[in-house]
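Engineer: Structure below; questions to follow.
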Amino acid sequence: MIIRKALESELPYIREQRVISYEEHAAIIPEGHWQALKQAISSTADIEPGVELLVAEVDGMILGSVALFPAEIDAYEGNVEAVDYPEIRMLAVSPAARGKGVATALISECIKLSKEMGHHSIGLHTGEFMKNAMRLYEQIGFERLPQYDFEPADDGIIVKAYVLTFE
């Protein structure tokens, strides 16, 4: 598996793959929340200045992607104060590639890049309905930061904050 920076020509495919990867949640969350989530993961936020968009590739096929947002950026449009560490966002793995270490490899690369940038931690937010993702983050060592949780759509669904601190 190769983890590399995404090419501009791959952006439409990556964004479509994100929607397909997140679609399983559409049936368990309110329609308005799904539409907001779909818009967020399809947006051009992944090419904002300082964002590292990475893909996991095997045999020329993109199996997943992740966007690493820089520290001190308003990654959540005013819902959370800016933090002094990078944030993992838009992690997506093709449903056919799940359970093969793709998400772990993408997260590991984000951790490595954050360390190389001189940061001592990395964070992320995830919807409370994303049970498998939360389990993975906790297995890797991320810890909850409830003070940075937020409710983006006023529908009772909480987006939970996590952080991983390095030595």
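Residues are named by chain letter and number: chains run A, B, ... in the order of the structure tokens, numbers start at 1 in each chain, and ligands are numbered from 1 in the order shown.
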Enumerate as an MDAnalysis selection string all residues of region 95-135 of chain A assigned to alpha helix (DSSP H) by DSSP on the backbone, naming them with the chain letters and numbers the document uses.
Structural biologist: chainID A and resid 102:116 131:135
Engineer: Select from chain A everything DSSP, run on the backbone, classes as strand (DSSP E or B), then give the selection as an NGL selection string.
Structural biologist: :A and (2-5 or 52-58 or 61-69 or 87-93 or 121-127 or 143-144 or 150 or 159-165)
Engineer: For the atom pair CA of Ile107 (chain A) and CA of Val51 (chain A), what is the interatomic distance in Å to one decimal place?
Structural biologist: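 Spanning CA of Ile107 (chain A) to CA of Val51 (chain A) is a straight-line distance of 14.6 Å.
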Engineer: Which residue gives the smallest distance to Ile140 (chain A) among A:Ala105, A:Lys115, A:Leu53, A:Ile158, with only C-alpha atoms counted?
Structural biologist: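 Comparing A:Ala105, A:Lys115, A:Leu53, A:Ile158 against Ile140 (chain A), the winner is A:Ala105.
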Engineer: Could you tell me which of A:Arg144, A:His25, A:Arg98, A:Arg18 comes closest to Val66 (chain A) if we count only C-alpha atoms?
Structural biologist: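 Of all the options, A:Arg18 lies closest to Val66 (chain A).
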Engineer: Pick out the residues sitting within 10 Å of Ser43 (chain A), and hand them over as a PyMOL selection string; count only C-alpha atoms, and ignore anything fewer than 5 positions along from it in its own chain.
Structural biologist: chain A and resi 15+37-38
Engineer: Quote the spacing between CA of Met1 (chain A) and CA of Leu91 (chain A) in Å to one decimal place.
Structural biologist: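 Atom-to-atom, CA of Met1 (chain A) and CA of Leu91 (chain A) are spaced 16.3 Å apart.
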Engineer: Could you work out how far CA of Leu11 (chain A) lies from CA of Asp59 (chain A), giving the answer in Å with one decimal?
Structural biologist: 18.6 Å
Engineer: If we count only C-alpha atoms, what is near Ser121 (chain A) at a cut-off of 12 Å, once residues fewer than 2 positions away on the same chain are taken out, given as a ChimeraX atom specification?
Structural biologist: /A:70-71,83-88,110-119,123-124,141-143,162-167
Engineer: If we count only C-alpha atoms and set the cut-off at 9 Å, which residues sit around Val102 (chain A), ignoring sequence neighbours fewer than 6 positions away in its own chain? Please answer as a PDB file with N, CA and C atoms, in the first residue's frame.
Structural biologist:
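part_24.pdb, written as the output of this step:
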ATOM      1  N   MET A   1       0.852  -1.185   0.000  1.00  0.00           N
ATOM      2  CA  MET A   1       0.000   0.000   0.000  1.00  0.00           C
ATOM      3  C   MET A   1       0.891   1.238   0.000  1.00  0.00           C
ATOM      4  N   ALA A  56      -4.596   6.430  -0.149  1.00  0.00           N
ATOM      5  CA  ALA A  56      -4.002   5.098  -0.004  1.00  0.00           C
ATOM      6  C   ALA A  56      -4.258   4.380  -1.324  1.00  0.00           C
ATOM      7  N   GLU A  57      -3.177   3.921  -1.938  1.00  0.00           N
ATOM      8  CA  GLU A  57      -3.276   3.306  -3.258  1.00  0.00           C
ATOM      9  C   GLU A  57      -2.697   1.894  -3.227  1.00  0.00           C
ATOM     10  N   LEU A  63      -7.919   3.397  -2.578  1.00  0.00           N
ATOM     11  CA  LEU A  63      -8.808   2.680  -1.662  1.00  0.00           C
ATOM     12  C   LEU A  63      -9.361   3.570  -0.561  1.00  0.00           C
ATOM     13  N   GLY A  64      -8.721   4.710  -0.348  1.00  0.00           N
ATOM     14  CA  GLY A  64      -9.184   5.611   0.700  1.00  0.00           C
ATOM     15  C   GLY A  64      -8.419   6.918   0.651  1.00  0.00           C
ATOM     16  N   SER A  65      -8.903   7.870   1.458  1.00  0.00           N
ATOM     17  CA  SER A  65      -8.265   9.185   1.495  1.00  0.00           C
ATOM     18  C   SER A  65      -8.503   9.839   2.847  1.00  0.00           C
ATOM     19  N   VAL A  93     -12.765   5.285   3.487  1.00  0.00           N
ATOM     20  CA  VAL A  93     -12.223   4.064   2.899  1.00  0.00           C
ATOM     21  C   VAL A  93     -13.342   3.415   2.088  1.00  0.00           C
TER      22      VAL A  93
END
